[in-house]
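K.L.:
Structure file start.cif (mmCIF, C-alpha atoms) is given on the next line.
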```cif
data_query
loop_
_atom_site.label_atom_id
_atom_site.label_comp_id
_atom_site.auth_asym_id
_atom_site.auth_seq_id
_atom_site.Cartn_x
_atom_site.Cartn_y
_atom_site.Cartn_z
CA MET A 21 65.84 -64.11 150.87
CA PRO A 22 67.39 -60.72 151.68
CA GLU A 23 64.98 -58.04 152.90
CA ARG A 24 63.92 -55.70 150.13
CA LEU A 25 65.25 -52.17 150.32
CA PHE A 26 62.83 -49.43 151.26
CA VAL A 27 62.60 -46.97 148.36
CA CYS A 28 62.18 -43.49 149.75
CA THR A 29 62.62 -39.76 149.50
CA PRO A 30 63.05 -37.32 152.41
CA SER A 31 59.41 -36.33 151.99
CA LYS A 32 58.23 -39.92 152.28
CA LEU A 33 60.16 -40.49 155.50
CA GLY A 34 59.14 -37.13 156.92
CA THR A 35 55.47 -37.80 156.26
CA TYR A 36 55.57 -40.93 158.41
CA VAL A 37 57.49 -39.22 161.21
CA ASP A 38 54.95 -36.36 161.27
CA CYS A 39 51.91 -38.62 161.15
CA PRO A 40 51.73 -42.34 160.26
CA ARG A 41 48.07 -41.93 159.33
CA ARG A 42 48.91 -39.26 156.75
CA TYR A 43 51.60 -41.60 155.41
CA ARG A 44 48.99 -44.32 154.98
CA TYR A 45 46.59 -42.02 153.18
CA THR A 46 49.39 -40.84 150.87
CA TYR A 47 51.35 -43.99 150.12
CA VAL A 48 49.40 -47.08 151.20
CA ASP A 49 45.67 -46.65 150.62
CA ARG A 50 44.54 -47.19 147.06
CA PRO A 51 42.68 -45.29 145.96
CA SER A 52 44.09 -42.54 148.14
CA PRO A 53 41.47 -40.42 149.92
CA PRO A 54 40.68 -37.11 148.21
CA LYS A 55 42.95 -34.22 149.13
CA GLY A 56 41.89 -30.73 150.01
CA PRO A 57 42.48 -27.74 147.69
CA PRO A 58 46.00 -26.61 146.74
CA TRP A 59 47.93 -24.46 149.22
CA ALA A 60 49.04 -20.96 148.24
CA HIS A 61 52.30 -21.29 150.16
CA ASN A 62 53.16 -24.42 148.17
CA SER A 63 52.44 -22.53 144.95
CA LEU A 64 54.69 -19.71 146.11
CA GLY A 65 57.52 -22.05 147.05
CA ALA A 66 57.33 -23.97 143.77
CA SER A 67 57.32 -20.74 141.77
CA VAL A 68 60.40 -19.34 143.48
CA HIS A 69 62.30 -22.62 143.32
CA THR A 70 61.65 -23.03 139.61
CA ALA A 71 62.58 -19.41 138.87
CA LEU A 72 65.96 -19.94 140.57
CA LYS A 73 66.47 -23.20 138.72
CA ASN A 74 65.83 -21.42 135.40
CA TRP A 75 68.06 -18.49 136.42
CA TYR A 76 70.98 -20.91 136.70
CA ALA A 77 70.02 -22.44 133.36
CA LEU A 78 70.71 -19.10 131.66
CA PRO A 79 74.14 -18.30 130.21
CA ALA A 80 76.26 -16.59 132.87
CA ALA A 81 76.13 -13.27 131.00
CA ARG A 82 72.32 -13.20 131.36
CA ARG A 83 72.17 -14.12 135.03
CA SER A 84 71.03 -10.81 136.45
CA ALA A 85 68.10 -9.32 138.32
CA ALA A 86 66.74 -8.07 135.00
CA SER A 87 65.88 -11.63 133.98
CA LEU A 88 63.85 -12.38 137.10
CA PRO A 89 60.44 -10.89 136.21
CA THR A 90 60.28 -12.96 133.05
CA LEU A 91 61.47 -16.10 134.83
CA LEU A 92 59.09 -15.75 137.75
CA LYS A 93 56.12 -14.91 135.55
CA ALA A 94 56.80 -17.96 133.39
CA THR A 95 56.93 -20.30 136.39
CA TRP A 96 54.24 -18.69 138.53
CA VAL A 97 51.73 -21.15 140.02
CA ARG A 98 48.37 -19.47 140.60
CA GLU A 99 46.62 -22.06 142.76
CA GLY A 100 45.48 -21.54 146.33
CA TYR A 101 45.27 -17.76 146.61
CA ARG A 102 42.18 -16.08 148.05
CA ASP A 103 41.83 -13.67 145.14
CA VAL A 104 43.75 -11.92 142.37
CA GLU A 105 44.87 -9.09 144.65
CA GLN A 106 46.45 -11.44 147.17
CA GLU A 107 48.17 -13.27 144.34
CA ARG A 108 49.57 -10.02 142.94
CA ILE A 109 50.91 -8.95 146.34
CA THR A 110 52.54 -12.33 146.82
CA TYR A 111 54.08 -12.20 143.36
CA ARG A 112 55.62 -8.79 144.08
CA LYS A 113 57.04 -10.04 147.37
CA ALA A 114 58.51 -13.10 145.71
CA LEU A 115 60.16 -10.93 143.09
CA GLU A 116 61.64 -8.72 145.82
CA TRP A 117 63.08 -11.77 147.55
CA LEU A 118 64.61 -13.03 144.33
CA ASP A 119 66.08 -9.61 143.49
CA THR A 120 67.80 -9.47 146.86
CA TYR A 121 68.92 -13.07 146.74
CA VAL A 122 70.52 -13.11 143.30
CA ALA A 123 72.33 -9.85 144.11
CA GLY A 124 74.44 -11.93 146.48
CA LEU A 125 75.19 -14.68 143.94
CA ASP A 126 78.14 -14.86 141.58
CA PRO A 127 76.62 -15.34 138.11
CA GLU A 128 79.87 -16.88 136.89
CA GLU A 129 79.83 -19.61 139.50
CA GLU A 130 78.51 -22.94 138.26
CA PRO A 131 77.03 -25.20 140.96
CA LEU A 132 77.67 -28.92 140.91
CA GLY A 133 73.95 -29.34 140.48
CA VAL A 134 70.68 -27.42 140.44
CA GLU A 135 67.51 -29.37 141.25
CA ARG A 136 69.88 -32.32 141.17
CA VAL A 137 68.74 -35.83 142.05
CA VAL A 138 71.18 -37.67 144.30
CA ALA A 139 70.71 -41.29 145.22
CA THR A 140 72.40 -43.95 147.31
CA LYS A 141 71.71 -47.27 149.00
CA THR A 142 72.29 -48.60 152.50
CA GLY A 143 71.50 -51.98 153.95
CA VAL A 144 67.91 -50.80 154.42
CA LEU A 145 67.28 -47.81 152.15
CA ALA A 146 67.23 -47.10 148.45
CA PHE A 147 67.25 -43.34 148.89
CA ASN A 148 66.81 -40.64 146.28
CA GLY A 149 66.11 -36.94 146.62
CA ARG A 150 66.24 -33.73 144.63
CA ALA A 151 68.49 -31.06 146.18
CA ASP A 152 67.70 -27.44 145.35
CA ARG A 153 71.36 -26.68 144.75
CA ILE A 154 74.71 -28.33 145.38
CA ASP A 155 77.65 -25.93 145.43
CA ALA A 156 81.33 -26.70 144.99
CA ARG A 157 83.46 -24.95 147.61
CA ASP A 158 87.10 -25.65 148.39
CA GLY A 159 86.96 -29.15 147.00
CA GLU A 160 83.81 -30.07 148.90
CA ALA A 161 80.12 -30.22 148.04
CA VAL A 162 77.65 -28.03 149.96
CA ILE A 163 73.90 -28.68 150.12
CA VAL A 164 71.74 -25.57 149.67
CA ASP A 165 68.01 -25.65 150.38
CA TYR A 166 65.76 -22.67 149.62
CA LYS A 167 63.02 -21.73 152.07
CA THR A 168 60.16 -19.29 151.52
CA GLY A 169 58.07 -19.83 154.66
CA ARG A 170 57.18 -17.16 157.17
CA SER A 171 59.39 -18.37 160.02
CA GLY A 172 63.06 -17.58 160.23
CA LEU A 173 65.52 -20.43 160.60
CA ASP A 174 68.60 -21.03 162.72
CA ALA A 175 71.51 -23.44 162.95
CA ASP A 176 69.41 -25.94 164.92
CA ASP A 177 67.03 -26.23 161.96
CA ALA A 178 69.95 -27.01 159.65
CA ARG A 179 71.51 -29.41 162.14
CA GLY A 180 68.27 -31.29 162.77
CA SER A 181 67.12 -31.59 159.17
CA GLN A 182 67.19 -35.26 158.21
CA ALA A 183 66.52 -34.36 154.59
CA LEU A 184 69.63 -32.17 154.34
CA ALA A 185 71.76 -34.83 156.04
CA LEU A 186 70.54 -37.51 153.63
CA TYR A 187 71.27 -35.24 150.67
CA ALA A 188 74.79 -34.72 152.00
CA TYR A 189 75.29 -38.43 152.59
CA ALA A 190 74.17 -39.23 149.05
CA ALA A 191 76.06 -36.33 147.45
CA GLN A 192 79.35 -37.60 148.90
CA ARG A 193 78.85 -40.82 147.01
CA VAL A 194 77.56 -39.27 143.79
CA PHE A 195 80.28 -36.62 143.47
CA ARG A 196 83.03 -38.56 145.25
CA ARG A 197 84.00 -35.62 147.42
CA PRO A 198 83.30 -34.65 151.01
CA CYS A 199 79.88 -33.11 151.69
CA ARG A 200 79.33 -32.05 155.26
CA ARG A 201 78.03 -28.49 155.14
CA VAL A 202 74.28 -27.99 154.75
CA GLU A 203 72.58 -24.60 154.41
CA LEU A 204 69.01 -23.31 154.62
CA HIS A 205 68.64 -20.11 152.59
CA HIS A 206 65.59 -18.20 153.86
CA LEU A 207 64.70 -15.85 151.02
CA PRO A 208 62.17 -13.63 152.87
CA THR A 209 64.82 -12.57 155.41
CA GLY A 210 67.97 -13.14 153.39
CA THR A 211 69.42 -15.26 156.20
CA VAL A 212 71.43 -18.47 155.96
CA ALA A 213 71.22 -21.18 158.62
CA ALA A 214 74.13 -23.59 158.32
CA HIS A 215 75.54 -26.68 159.98
CA GLU A 216 78.79 -28.60 159.53
CA HIS A 217 78.11 -32.32 159.83
CA THR A 218 80.68 -34.91 160.77
CA GLU A 219 80.78 -38.43 159.43
CA GLU A 220 79.35 -39.51 162.77
CA SER A 221 76.41 -37.08 162.67
CA LEU A 222 75.59 -38.06 159.08
CA ALA A 223 75.68 -41.72 160.10
CA ARG A 224 73.28 -41.00 162.98
CA GLN A 225 70.80 -39.39 160.60
CA VAL A 226 71.06 -42.34 158.23
CA THR A 227 70.43 -44.72 161.13
CA ARG A 228 67.35 -42.70 162.12
CA ALA A 229 66.08 -42.92 158.55
CA GLU A 230 66.67 -46.68 158.50
CA ASP A 231 64.78 -47.09 161.78
CA THR A 232 61.84 -45.17 160.32
CA ALA A 233 61.94 -47.32 157.19
CA ARG A 234 61.84 -50.49 159.29
CA ASP A 235 58.81 -49.20 161.18
CA ILE A 236 57.04 -48.40 157.91
CA MET A 237 57.81 -51.77 156.36
CA ALA A 238 56.61 -53.58 159.49
CA ALA A 239 53.32 -51.64 159.47
CA GLU A 240 52.80 -52.26 155.76
CA LYS A 241 53.44 -56.00 156.22
CA ALA A 242 51.00 -56.15 159.11
CA VAL A 243 48.25 -54.45 157.11
CA ALA A 244 48.88 -56.75 154.16
CA ALA A 245 48.44 -59.68 156.54
CA GLY A 246 45.06 -58.39 157.71
CA ALA A 247 45.88 -56.10 160.65
CA ASP A 248 43.80 -53.01 161.37
CA PRO A 249 45.24 -50.15 159.24
CA ASP A 250 44.17 -47.57 161.84
CA ALA A 251 46.15 -49.39 164.53
CA GLU A 252 49.24 -49.90 162.40
CA PHE A 253 49.22 -46.33 161.08
CA PRO A 254 47.92 -44.27 164.02
CA ALA A 255 47.07 -40.61 163.72
CA ASN A 256 49.24 -38.03 165.45
CA PRO A 257 46.81 -35.21 166.24
CA GLY A 258 48.31 -31.79 166.75
CA SER A 259 48.94 -28.38 165.29
CA LEU A 260 49.80 -29.83 161.88
CA CYS A 261 46.30 -31.25 161.43
CA GLY A 262 44.91 -27.94 160.22
CA TRP A 263 47.43 -27.98 157.38
CA CYS A 264 46.94 -31.62 156.39
CA ASP A 265 45.72 -32.45 152.89
CA PHE A 266 43.53 -35.18 154.41
CA ARG A 267 42.04 -33.18 157.30
CA ARG A 268 38.54 -33.61 155.82
CA THR A 269 38.96 -37.39 155.75
CA CYS A 270 40.81 -38.18 158.97
CA PRO A 271 38.59 -38.81 162.04
CA ALA A 272 41.36 -37.54 164.30
CA ALA A 273 41.09 -34.08 162.72
CA VAL A 274 37.31 -33.79 162.94
CA ASP A 275 37.49 -31.15 165.69
CA VAL A 276 40.41 -29.27 164.16
CA GLN A 277 39.77 -25.88 162.63
CA PRO A 278 41.05 -26.25 159.05
CA LYS A 279 43.36 -23.63 157.66
CA GLU A 280 42.34 -21.78 154.53
CA PRO A 281 44.47 -22.49 151.46
CA TRP A 282 45.86 -18.93 151.59
CA THR A 283 46.40 -18.64 155.38
CA ALA A 284 50.18 -18.95 155.24
CA VAL A 285 50.60 -16.04 152.81
CA GLU A 286 48.16 -13.59 154.44
CA HIS A 287 50.96 -11.91 156.39
CA LEU A 288 52.51 -10.72 153.13
CA GLU A 289 49.53 -8.38 152.64
CA ARG A 290 50.47 -6.63 155.89
CA ALA A 291 54.23 -6.55 155.32
#
```
Spit out the file's structure as structure tokens when you get a sec.
P.N.:
Amino acid sequence: MPERLFVCTPSKLGTYVDCPRRYRYTYVDRPSPPKGPPWAHNSLGASVHTALKNWYALPAARRSAASLPTLLKATWVREGYRDVEQERITYRKALEWLDTYVAGLDPEEEPLGVERVVATKTGVLAFNGRADRIDARDGEAVIVDYKTGRSGLDADDARGSQALALYAYAAQRVFRRPCRRVELHHLPTGTVAAHEHTEESLARQVTRAEDTARDIMAAEKAVAAGADPDAEFPANPGSLCGWCDFRRTCPAAVDVQPKEPWTAVEHLERA
């Protein structure tokens, strides 16, 4: 019998690469261990992403900065903030970012896709993922990913992103046109980090993803056959532990100082 394909998203693969134990807690254990409280930075990112999605859903004549307050307010996620004042400050910052960002967009330009699911199969993977935006430029498709985190980004971040490479690989097959350019649009700074892939570099990222999938499937098979889940899905203690949803459950994070749900947006109060 042929080996079953590993059904995955970029997030699923990335979770295992970051920490196999977190992967197990998220995708293998049933019931899954309880998660910690929602993160304010995730609420912020989701709010901004959805506002931009809905901005593109408007008729071109209405795509202006004037529509943004209504769009952001309608999509605003309130979870994770320390208090109402912090939430208000964060909302105002998000609106400033959106104002600046859409000022550089052509409202008449229709992307190939917004929050578009692209999917493809390889000999190992059944991959699907939702790209923030896919532009059409000079007969090619371009992957655009919005970022709202504190840190700036550079070309190395775009080059090294497996998620963006997999989106590009899948988009080529969905839209039947070349897709090699990937871009990270950092809204807080208004910067764009870009990379031009080759067919060879896309193939390398796909091979990396397939190798990860094989490791996951082997660990899952071993656990199903009675192996120790902790041994097959080891923890990867480090700086990310404080941000992990399962930090209160995982023994490897027992000595880690947990981050507060609002830690990643506190700097906006000082900006």
K.L.:
Please report, as lines of an AutoDock Vina configuration file, the centre and edge lengths in Å to one decimal of an axis-aligned box covering all listed atoms of range 255-272 of chain A with 8 Å per side.
P.N.:
```
center_x = 44.2
center_y = -34.3
center_z = 159.8
size_x = 27.3
size_y = 28.7
size_z = 29.9
```
K.L.:
For this file, the PyMOL selection byres ((chain A and resi 223) around 12) selects which residues, as a VMD selection string?
P.N.:
chain A and resid 142 182 185 to 186 188 to 190 200 217 to 222 224 to 230
K.L.:
With the PyMOL selection byres ((chain A and resi 154) around 7) as the selection, what would be picked from this file? Answer as a ChimeraX atom specification, please.
P.N.:
/A:131-134,151,153,155-156,161-164
K.L.:
Which one of A:Ala245, A:Glu216, A:Val274, A:Gly143 sits closest to Pro257 in chain A if you count only C-alpha atoms?
P.N.:
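Nearest to Pro257 in chain A: A:Val274.
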K.L.:
For a test of reading the model, state the distance in Å between CA of Trp96 in chain A and CA of His61 in chain A, rounded to one decimal.
P.N.:
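We find that CA of Trp96 in chain A and CA of His61 in chain A lie 12.1 Å from each other.
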K.L.:
Please write the residues picked by the PyMOL selection byres ((chain A and resi 194) around 8) on this file as a short mmCIF file (atom, residue, chain, number, x, y, z; two decimals) with C-alpha atoms, keeping the file's coordinate frame.
P.N.:
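Once everything was written out, this is result15.cif:
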```cif
data_model
loop_
_atom_site.label_atom_id
_atom_site.label_comp_id
_atom_site.auth_asym_id
_atom_site.auth_seq_id
_atom_site.Cartn_x
_atom_site.Cartn_y
_atom_site.Cartn_z
CA VAL A 138 71.18 -37.67 144.30
CA ALA A 139 70.71 -41.29 145.22
CA THR A 140 72.40 -43.95 147.31
CA ALA A 190 74.17 -39.23 149.05
CA ALA A 191 76.06 -36.33 147.45
CA GLN A 192 79.35 -37.60 148.90
CA ARG A 193 78.85 -40.82 147.01
CA PHE A 195 80.28 -36.62 143.47
CA ARG A 196 83.03 -38.56 145.25
#
```
K.L.:
CA of Ser52 in chain A and CA of Ala146 in chain A, how far apart in Å?
P.N.:
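Separation of CA of Ala146 in chain A and CA of Ser52 in chain A: 23.6 Å.
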K.L.:
Quick one: pull the distance between CA of Ser63 in chain A and CA of Val27 in chain A, Å, one decimal.
P.N.:
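Distance between the two atoms: 26.7 Å.
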K.L.:
Which residues come within 12 Å of Pro271 in chain A, counting all atoms listed in the file, excluding same-chain residues fewer than 6 positions away, as an MDAnalysis selection string?
P.N.:
chainID A and resid 41:42 250 254:257 261
K.L.:
Identify, on the basis of only C-alpha atoms, every residue whose closest approach to Ala66 in chain A does not exceed 10 Å; exclude the query and any residue fewer than 5 positions from it along the same chain; express the result as a short mmCIF file (atom, residue, chain, number, x, y, z; two decimals) with C-alpha atoms, in the frame of the given file.
P.N.:
```
data_model
loop_
_atom_site.label_atom_id
_atom_site.label_comp_id
_atom_site.auth_asym_id
_atom_site.auth_seq_id
_atom_site.Cartn_x
_atom_site.Cartn_y
_atom_site.Cartn_z
CA ALA A 60 49.04 -20.96 148.24
CA HIS A 61 52.30 -21.29 150.16
CA ALA A 71 62.58 -19.41 138.87
CA THR A 95 56.93 -20.30 136.39
CA TRP A 96 54.24 -18.69 138.53
CA VAL A 97 51.73 -21.15 140.02
CA THR A 168 60.16 -19.29 151.52
#
```
K.L.:
Which residue gives the smallest distance to Glu128 in chain A among A:Ala81, A:Glu252, A:Thr29, A:Thr232, with all atoms listed in the file counted?
P.N.:
A:Ala81
K.L.:
Which residue out of A:Lys32, A:Asp265, A:Glu240, A:His69 has the minimum interatomic distance to Pro281 in chain A when all atoms listed in the file are used?
P.N.:
A:Asp265
K.L.:
Point out the residue among A:Cys39, A:Thr209, A:Arg44, A:Arg197 with the least atom-to-atom distance to Ala239 in chain A, counting only C-alpha atoms.
P.N.:
A:Arg44
K.L.:
Counting all atoms listed in the file, which residues of range 160-253 of chain A sit at most 12 Å from some atom of range 283-286 of chain A, and what is each one's closest atom pair with its distance in Å to one decimal, listed by chain and rising residue number, as CSV?
P.N.:
```
residue,atom,partner,partner_atom,distance
A:Thr168,CA,A:Val285,CA,10.2
A:Gly169,CA,A:Ala284,CA,8.0
A:Arg170,CA,A:Ala284,CA,7.5
A:Ser171,CA,A:Ala284,CA,10.4
A:Pro208,CA,A:Val285,CA,11.8
```
K.L.:
List the neighbours of Lys113 in chain A out to 12 Å using all atoms listed in the file; skip same-chain residues closer than 3 positions along the sequence, and give me the result as a list in words.
P.N.:
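After dropping sequence-adjacent residues, the list is Leu64, Val68, Pro89, Leu92, Gln106, Glu107, Arg108, Ile109, Thr110, Glu116, Trp117, Leu118, Asp119, Thr120, Thr168, Leu207, Pro208, Thr209, Val285, Glu286, His287, Leu288, Glu289, Arg290 and Ala291 of chain A.
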K.L.:
Could you take the residues named above and write them with C-alpha atoms, as a PDB file, keeping the file's coordinate frame?
P.N.:
```
ATOM      1  CA  LEU A  64      54.690 -19.710 146.110  1.00  0.00           C
ATOM      2  CA  VAL A  68      60.400 -19.340 143.480  1.00  0.00           C
ATOM      3  CA  PRO A  89      60.440 -10.890 136.210  1.00  0.00           C
ATOM      4  CA  LEU A  92      59.090 -15.750 137.750  1.00  0.00           C
ATOM      5  CA  GLN A 106      46.450 -11.440 147.170  1.00  0.00           C
ATOM      6  CA  GLU A 107      48.170 -13.270 144.340  1.00  0.00           C
ATOM      7  CA  ARG A 108      49.570 -10.020 142.940  1.00  0.00           C
ATOM      8  CA  ILE A 109      50.910  -8.950 146.340  1.00  0.00           C
ATOM      9  CA  THR A 110      52.540 -12.330 146.820  1.00  0.00           C
ATOM     10  CA  GLU A 116      61.640  -8.720 145.820  1.00  0.00           C
ATOM     11  CA  TRP A 117      63.080 -11.770 147.550  1.00  0.00           C
ATOM     12  CA  LEU A 118      64.610 -13.030 144.330  1.00  0.00           C
ATOM     13  CA  ASP A 119      66.080  -9.610 143.490  1.00  0.00           C
ATOM     14  CA  THR A 120      67.800  -9.470 146.860  1.00  0.00           C
ATOM     15  CA  THR A 168      60.160 -19.290 151.520  1.00  0.00           C
ATOM     16  CA  LEU A 207      64.700 -15.850 151.020  1.00  0.00           C
ATOM     17  CA  PRO A 208      62.170 -13.630 152.870  1.00  0.00           C
ATOM     18  CA  THR A 209      64.820 -12.570 155.410  1.00  0.00           C
ATOM     19  CA  VAL A 285      50.600 -16.040 152.810  1.00  0.00           C
ATOM     20  CA  GLU A 286      48.160 -13.590 154.440  1.00  0.00           C
ATOM     21  CA  HIS A 287      50.960 -11.910 156.390  1.00  0.00           C
ATOM     22  CA  LEU A 288      52.510 -10.720 153.130  1.00  0.00           C
ATOM     23  CA  GLU A 289      49.530  -8.380 152.640  1.00  0.00           C
ATOM     24  CA  ARG A 290      50.470  -6.630 155.890  1.00  0.00           C
ATOM     25  CA  ALA A 291      54.230  -6.550 155.320  1.00  0.00           C
TER      26      ALA A 291
END
```
K.L.:
Report as a list in words all protein, DNA and RNA residues lying within 7 Å of His215 in chain A, evaluated on all atoms listed in the file, omitting residues in the same chain fewer than 2 positions from it.
P.N.:
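Contacts, in chain order: Ala175, Ala178, Arg179, Arg201, Val202, Glu203 and His217 of chain A.
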K.L.:
For a quick check of understanding, using all atoms listed in the file, which of A:Val48, A:Ala123, A:Ala247, A:Leu204 has the smallest distance to Leu184 in chain A?
P.N.:
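For Leu184 in chain A, the nearest of the given residues is A:Leu204.
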K.L.:
Pick out the closest residue to Tyr166 in chain A from this set: A:Asp38, A:Asp126, A:Asp152, A:Glu135. Count all atoms listed in the file.
P.N.:
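Under the stated criterion, the closest residue is A:Asp152.
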